[in-house]
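Read through the structure below, which is laid out as structure tokens, and then see the notes.
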Amino acid sequence: MKLTISLFLLFSTLVGAPIFAVIAIATFFLFYISGIDFSAPIIELMRLQSMPSLISIPLFTFAGYLLAASKAPERMLNLSRAMFGFISGGVAIASLTAAALFTAFTGASGVTIIALGGLIYPILKAQKYDESFSLGLVTSTGSLGLLFPPSLPIILYAIVGKLDLNILFKKAIIPGLILMAAFYIFAWLKALKTGINTQEIRKEKIFSAIVDSAWELPLPFLIVGGIYGGYFTASEAASIMAFYVVIVECFIKKEVDVYKDLPSISLKSLELVGAIFAVLGAALGFTSYLIDEQIPEKLFSIIHNFIPGKLFFLLFLNFFILMINMIEIFSAIVIVVPLIVPVAVNYGIDPIHLGIIFLVNLELGYMTPPLGINLFLSSGRFKKPLGEIYKSILPFWLITSAVLILITYFPNLIGI
């Protein structure tokens with residue numbers, strides 16, 4: 001019977017069955033063969049309603065989708081170009097900045113490549129950046145911003161890993177800025193090498209871009225500053241952002257119609273939220289089984305026999321997480337995190353440090369051949385063969401890998 005159920009679950013996964021259904025069936029089966037009451041998974045599912053950070057997921061997701069449906073992405077890009085265009089490589093730096101902000105607010109790399117990539121790519125080409133650099137930058141932009149509030153993966157990781165979301169938000173910002181700075185430097189060096197022309201400083205253009213973005217401009221300072229300054233929690237920040245974005249985009253900018261557009265935007269955002277909640281609810285029952293059967297402790301005993309030291313474990317951990325994240329991130333978080341957190345703690349790794357390692361691996365996994373989701377999205381969006389995308393992403397992949405090594409082995413240098 002065990003073999004039959006296992007083969008059935010494997011087959012269901014391969015043919016595309018919903019991941020939450022596979023997890024739920026596996027969970028009930030594991031409780032059944034262990035002789036544990038079936039009510040345990042249901043009780044764990046009910047714990048969802050008692051999680052204080054859970055409300056931030058639908059609110060931040062809704063606000064992000066609403067921003068994406070307006071002309072806010074275009075205004076972000078125009079403002080970034082006006083602010084950084086006079087620097088060598090300024091257009092590329094502006095593109096990276098706008099994409100990072102957009103990814104942070106929407107929480108989805110694919111939305112950034114599809115919505116913002118279509119604006120960034122022709123601008124880079126018009127500035128005489130070569131094809132490979134332009135493709136690589138646009139493809140990598142989908143990964144930037146996932147370490148900045150109100151990133152959805154950070155929220156989900158904090159819930160599953162049972163961490164303080166406010167602390168994780170604060171600790172993730174510096175690594176995120178370091179990664180952004182590394183990309184900036186590469187763009188600057190590329191512009192110097194190829195002789196990309198800079199734009200003149202035009203005060204009237206900067207002023208016009210600021211005025212045009214005046215309502216969206218306070219958002220990063222409001223959310224990040226409010227959480228960092230301790231003025232409100234992440235859940236309260238989600239409520240404030242959702243309310244603020246509705247007022248701005250629907251009533252001030254009037255780019256989203258309350259009756260015609262807002263209901264469909266709400267439904268689209270809830271499709272993603274519903275999928276996440278379904279997986280999360282099923283995974284909580286699975287996590288309960290892992291704890292009851294002391295699976296993490298047994299796993300640590302096995303791994304410790306082959307990987308005795310912390311440094312080698314971190315190397316193994318990065319490789320393992322990268323392979324998982326390259327396939328499907330949300331499922332990876334809810335399934336893998338409950339397993340690796342106790343094992344990592346036994347190796348003396350701080351859970352917050354582990355969370356940031358996981359999230360940077362997520363950014364890397366999105367653009368890692370052959371299965372990185374951003375590679376397929378970029379290939380489809382810009383009608384380029386995957387081989388060309390793989391080649392273009394290599395410098396950005398190496399930069400992200402270098403930052404990951406810094407974060408993994410020298411956390412004290414960056415305040416983690």
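Scheme for the structure tokens: letters A, B, ... for chains in order shown; per-chain residue numbers from 1; ligand numbers from 1 in order shown.
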
Inset, instruction - Compile the contact shell of A:Phe105 as a ChimeraX atom specification: residues with an atom at most 12 Å away, counting only C-alpha atoms, same-chain residues fewer than 2 positions apart removed. - result: /A:57,59-68,72-73,76,98-103,107-109,111-112,144-154,216,219-220,223-224,238,241-242,245

So that I have them on file, write out the residues from the current selection with N, CA and C atoms, as a short mmCIF file (atom, residue, chain, number, x, y, z; two decimals), in the first residue's frame.
```cif
data_model
loop_
_atom_site.label_atom_id
_atom_site.label_comp_id
_atom_site.auth_asym_id
_atom_site.auth_seq_id
_atom_site.Cartn_x
_atom_site.Cartn_y
_atom_site.Cartn_z
N ILE A 57 -0.22 39.10 3.51
CA ILE A 57 -0.07 38.49 2.18
C ILE A 57 -1.15 38.98 1.21
N LEU A 59 -3.11 41.60 1.38
CA LEU A 59 -3.11 43.05 1.25
C LEU A 59 -1.95 43.54 0.39
N PHE A 60 -0.74 43.06 0.66
CA PHE A 60 0.41 43.45 -0.14
C PHE A 60 0.25 42.97 -1.59
N THR A 61 -0.27 41.76 -1.77
CA THR A 61 -0.44 41.22 -3.12
C THR A 61 -1.45 42.05 -3.91
N PHE A 62 -2.55 42.40 -3.28
CA PHE A 62 -3.56 43.23 -3.93
C PHE A 62 -2.99 44.59 -4.32
N ALA A 63 -2.26 45.22 -3.40
CA ALA A 63 -1.66 46.53 -3.68
C ALA A 63 -0.67 46.43 -4.85
N GLY A 64 0.12 45.35 -4.89
CA GLY A 64 1.08 45.16 -5.96
C GLY A 64 0.41 44.99 -7.31
N TYR A 65 -0.65 44.20 -7.36
CA TYR A 65 -1.39 44.00 -8.61
C TYR A 65 -2.06 45.29 -9.07
N LEU A 66 -2.51 46.07 -8.12
CA LEU A 66 -3.15 47.35 -8.47
C LEU A 66 -2.13 48.32 -9.06
N LEU A 67 -0.95 48.37 -8.48
CA LEU A 67 0.12 49.21 -9.04
C LEU A 67 0.49 48.76 -10.45
N ALA A 68 0.57 47.44 -10.64
CA ALA A 68 0.94 46.90 -11.95
C ALA A 68 -0.10 47.24 -13.01
N ALA A 72 1.91 53.24 -12.94
CA ALA A 72 2.96 53.43 -11.94
C ALA A 72 4.31 52.88 -12.40
N PRO A 73 4.38 51.67 -13.04
CA PRO A 73 5.69 51.18 -13.50
C PRO A 73 6.39 52.15 -14.45
N MET A 76 7.72 55.06 -12.40
CA MET A 76 8.91 54.67 -11.66
C MET A 76 10.15 54.69 -12.55
N ALA A 98 14.19 50.84 -10.82
CA ALA A 98 12.74 50.75 -11.04
C ALA A 98 12.26 49.31 -10.94
N ALA A 99 13.03 48.38 -11.51
CA ALA A 99 12.63 46.96 -11.47
C ALA A 99 12.65 46.41 -10.05
N ALA A 100 13.66 46.80 -9.27
CA ALA A 100 13.74 46.33 -7.88
C ALA A 100 12.54 46.80 -7.07
N LEU A 101 12.19 48.06 -7.23
CA LEU A 101 11.03 48.60 -6.51
C LEU A 101 9.75 47.89 -6.93
N PHE A 102 9.63 47.69 -8.23
CA PHE A 102 8.41 47.07 -8.76
C PHE A 102 8.28 45.63 -8.28
N THR A 103 9.40 44.87 -8.29
CA THR A 103 9.37 43.48 -7.83
C THR A 103 9.05 43.41 -6.34
N GLY A 107 5.89 41.45 -5.64
CA GLY A 107 6.26 40.16 -5.10
C GLY A 107 6.39 39.07 -6.14
N ALA A 108 6.38 39.43 -7.41
CA ALA A 108 6.42 38.42 -8.47
C ALA A 108 7.42 38.83 -9.55
N SER A 109 8.41 37.99 -9.77
CA SER A 109 9.45 38.30 -10.75
C SER A 109 8.88 38.31 -12.16
N VAL A 111 5.96 39.22 -13.24
CA VAL A 111 5.24 40.46 -13.53
C VAL A 111 6.23 41.55 -13.93
N THR A 112 7.37 41.60 -13.27
CA THR A 112 8.38 42.62 -13.58
C THR A 112 8.92 42.45 -14.99
N LEU A 144 15.56 40.95 -8.72
CA LEU A 144 15.89 42.05 -7.81
C LEU A 144 14.64 42.50 -7.05
N GLY A 145 14.84 42.94 -5.85
CA GLY A 145 13.75 43.47 -5.07
C GLY A 145 13.10 42.49 -4.13
N LEU A 146 13.46 41.20 -4.25
CA LEU A 146 12.83 40.19 -3.38
C LEU A 146 13.32 40.26 -1.94
N LEU A 147 14.39 41.02 -1.70
CA LEU A 147 14.89 41.19 -0.33
C LEU A 147 14.39 42.47 0.32
N PHE A 148 13.55 43.22 -0.40
CA PHE A 148 13.06 44.49 0.13
C PHE A 148 11.58 44.36 0.53
N PRO A 149 11.18 45.00 1.64
CA PRO A 149 9.77 45.03 1.99
C PRO A 149 8.97 45.69 0.88
N PRO A 150 7.76 45.23 0.58
CA PRO A 150 7.02 44.16 1.26
C PRO A 150 7.06 42.84 0.47
N SER A 151 8.23 42.35 0.14
CA SER A 151 8.39 41.15 -0.67
C SER A 151 7.57 39.97 -0.13
N LEU A 152 6.80 39.36 -1.01
CA LEU A 152 5.93 38.24 -0.63
C LEU A 152 6.73 37.02 -0.14
N PRO A 153 7.83 36.63 -0.81
CA PRO A 153 8.60 35.49 -0.30
C PRO A 153 9.14 35.69 1.12
N ILE A 154 9.51 36.93 1.48
CA ILE A 154 9.97 37.19 2.85
C ILE A 154 8.85 36.92 3.84
N GLU A 216 3.28 58.08 -5.83
CA GLU A 216 3.91 56.77 -5.60
C GLU A 216 5.24 56.89 -4.85
N LEU A 219 5.78 55.79 -1.16
CA LEU A 219 5.51 54.40 -0.78
C LEU A 219 6.71 53.68 -0.17
N PRO A 220 7.89 53.67 -0.84
CA PRO A 220 9.04 52.96 -0.23
C PRO A 220 9.41 53.52 1.13
N ILE A 223 6.58 52.51 3.76
CA ILE A 223 6.57 51.11 4.17
C ILE A 223 7.87 50.74 4.89
N VAL A 224 9.00 50.99 4.23
CA VAL A 224 10.29 50.62 4.82
C VAL A 224 10.58 51.45 6.06
N ALA A 238 0.83 46.67 5.56
CA ALA A 238 0.06 46.12 4.44
C ALA A 238 -1.29 46.82 4.31
N MET A 241 -0.67 50.38 3.00
CA MET A 241 -0.30 50.40 1.58
C MET A 241 -1.50 50.12 0.70
N ALA A 242 -2.29 49.11 1.04
CA ALA A 242 -3.46 48.76 0.23
C ALA A 242 -4.43 49.94 0.15
N VAL A 245 -2.82 52.87 -1.96
CA VAL A 245 -2.76 52.61 -3.40
C VAL A 245 -4.14 52.71 -4.04
#
```

Inset, instruction - Skip stretch 396-398 of chain A itself and residues of its chain fewer than 2 positions away, then list as a ChimeraX atom specification all residues within 8 Å of it, counting only C-alpha atoms. - result: /A:136-137,140,183,364,367-368,393-394,400-402

Pull C-alpha atoms from the residues just selected and write them as a PDB file, in the first residue's frame.
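That gives us out05.pdb:
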```pdb
ATOM      1  CA  GLY A 136      20.775  39.759 -19.256  1.00  0.00           C
ATOM      2  CA  LEU A 137      19.807  42.893 -17.351  1.00  0.00           C
ATOM      3  CA  SER A 140      17.862  39.491 -13.949  1.00  0.00           C
ATOM      4  CA  PHE A 183      24.725  45.311 -10.238  1.00  0.00           C
ATOM      5  CA  LEU A 364      19.727  33.148  -8.014  1.00  0.00           C
ATOM      6  CA  MET A 367      17.895  32.900 -13.325  1.00  0.00           C
ATOM      7  CA  THR A 368      19.774  29.588 -13.118  1.00  0.00           C
ATOM      8  CA  ILE A 393      22.488  36.050 -17.887  1.00  0.00           C
ATOM      9  CA  LEU A 394      25.924  34.639 -16.993  1.00  0.00           C
ATOM     10  CA  THR A 400      24.602  37.227  -7.512  1.00  0.00           C
ATOM     11  CA  SER A 401      26.630  34.100  -6.660  1.00  0.00           C
ATOM     12  CA  ALA A 402      29.484  36.253  -5.328  1.00  0.00           C
TER      13      ALA A 402
END
```

Legend entry - Distance criterion (only C-alpha atoms): nearest to A:Ile333 out of A:Ile247, A:Ile178, A:Leu156, A:Leu163: A:Leu156

Legend entry - Spatial neighbours of A:Val138, max dist 9 Å, only C-alpha atoms, sep filter under 3 positions, as a PyMOL selection string: chain A and resi 95-96+99+112-113+116-118+120-121+133-135+141-142+378

Write out the residues from the selection above, keeping C-alpha atoms, as a short mmCIF file (atom, residue, chain, number, x, y, z; two decimals), in the first residue's frame.
```cif
data_model
loop_
_atom_site.label_atom_id
_atom_site.label_comp_id
_atom_site.auth_asym_id
_atom_site.auth_seq_id
_atom_site.Cartn_x
_atom_site.Cartn_y
_atom_site.Cartn_z
CA SER A 95 16.24 50.35 -14.98
CA LEU A 96 17.60 48.21 -12.15
CA ALA A 99 12.63 46.96 -11.47
CA THR A 112 8.38 42.62 -13.58
CA ILE A 113 9.79 40.98 -16.70
CA LEU A 116 8.49 46.50 -16.96
CA GLY A 117 10.81 44.52 -19.23
CA GLY A 118 8.88 45.68 -22.27
CA ILE A 120 13.35 48.69 -20.24
CA TYR A 121 14.59 46.57 -23.14
CA PHE A 133 23.83 42.93 -21.80
CA SER A 134 20.30 44.22 -22.43
CA LEU A 135 18.78 40.74 -22.33
CA THR A 141 15.57 42.37 -12.97
CA GLY A 142 12.86 39.86 -12.14
CA SER A 378 12.38 36.39 -20.89
#
```

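Counting from atom CA of A:Thr408, the distance to atom CA of A:Ile357 is 6.3 Å.
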
Legend entry - Residues of stretch 59-306 of chain A in alpha helix (DSSP H), written as a ChimeraX atom specification: /A:59-69,72-84,90-106,109-111,117-126,131-141,152-161,165-194,203-212,218-228,234-246,262-292,295-306

Legend entry - Two-atom distance - atom CA of A:Phe300, atom CA of A:Val343 (Å): 5.3 Å

Inset, instruction - Pick out the closest residue to A:Tyr409 from this set: A:Gln127, A:Ser132, A:Asn318, A:Thr194. Count only C-alpha atoms. - result: A:Asn318

Inset, instruction - Figure out the distance between atom CA of A:Lys310 and atom CA of A:Tyr347, please, to one decimal in Å. - result: 5.7 Å

Inset, instruction - Excluding A:Tyr157 and residues on its chain fewer than 3 positions from it, collect all residues at most 10 Å away from it, counting only C-alpha atoms, and give them as a PyMOL selection string. - result: chain A and resi 152-154+160-163+165+168+330+332-334+337-338+355-356+358-359

Legend entry - Residue neighbourhood A:Gly348, 12 Å, only C-alpha atoms, exclusion window fewer than 4 positions, as a list in words: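 In the requested form, the answer reads Gly309, Lys310, Leu311, Phe313, Leu314, Val341, Pro342, Val343, Ala344, Ile352, His353 and Leu354 of chain A.
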
Inset, instruction - May I have the residues within 8 Å of A:Asn361 as a PyMOL selection string, using only C-alpha atoms and disregarding those fewer than 5 positions away in the same chain? - result: chain A and resi 318+321-322+325+404

Inset, instruction - Find the residues near A:Gly415: any atom within 12 Å, counting only C-alpha atoms, skip ones fewer than 3 places away on the same chain, and give them as an MDAnalysis selection string. - result: chainID A and resid 170:175 178 352:353 356 406:407 410:412

Based on the selection just made, write C-alpha atoms of those residues as a short mmCIF file (atom, residue, chain, number, x, y, z; two decimals), in the first residue's frame.
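Written output follows (result_22.cif):
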```cif
data_model
loop_
_atom_site.label_atom_id
_atom_site.label_comp_id
_atom_site.auth_asym_id
_atom_site.auth_seq_id
_atom_site.Cartn_x
_atom_site.Cartn_y
_atom_site.Cartn_z
CA LYS A 170 15.01 44.81 8.60
CA LYS A 171 17.86 42.31 8.28
CA ALA A 172 17.20 41.62 4.59
CA ILE A 173 17.53 45.22 3.45
CA ILE A 174 21.33 45.52 3.71
CA PRO A 175 22.05 42.31 1.70
CA ILE A 178 24.68 45.14 -1.51
CA ILE A 352 17.43 34.90 10.32
CA HIS A 353 20.78 34.33 8.57
CA ILE A 356 18.41 35.55 3.98
CA LEU A 406 29.57 36.97 1.03
CA ILE A 407 26.21 36.67 2.80
CA PHE A 410 30.66 36.66 6.25
CA PRO A 411 27.30 37.64 7.77
CA ASN A 412 28.89 39.78 10.48
#
```
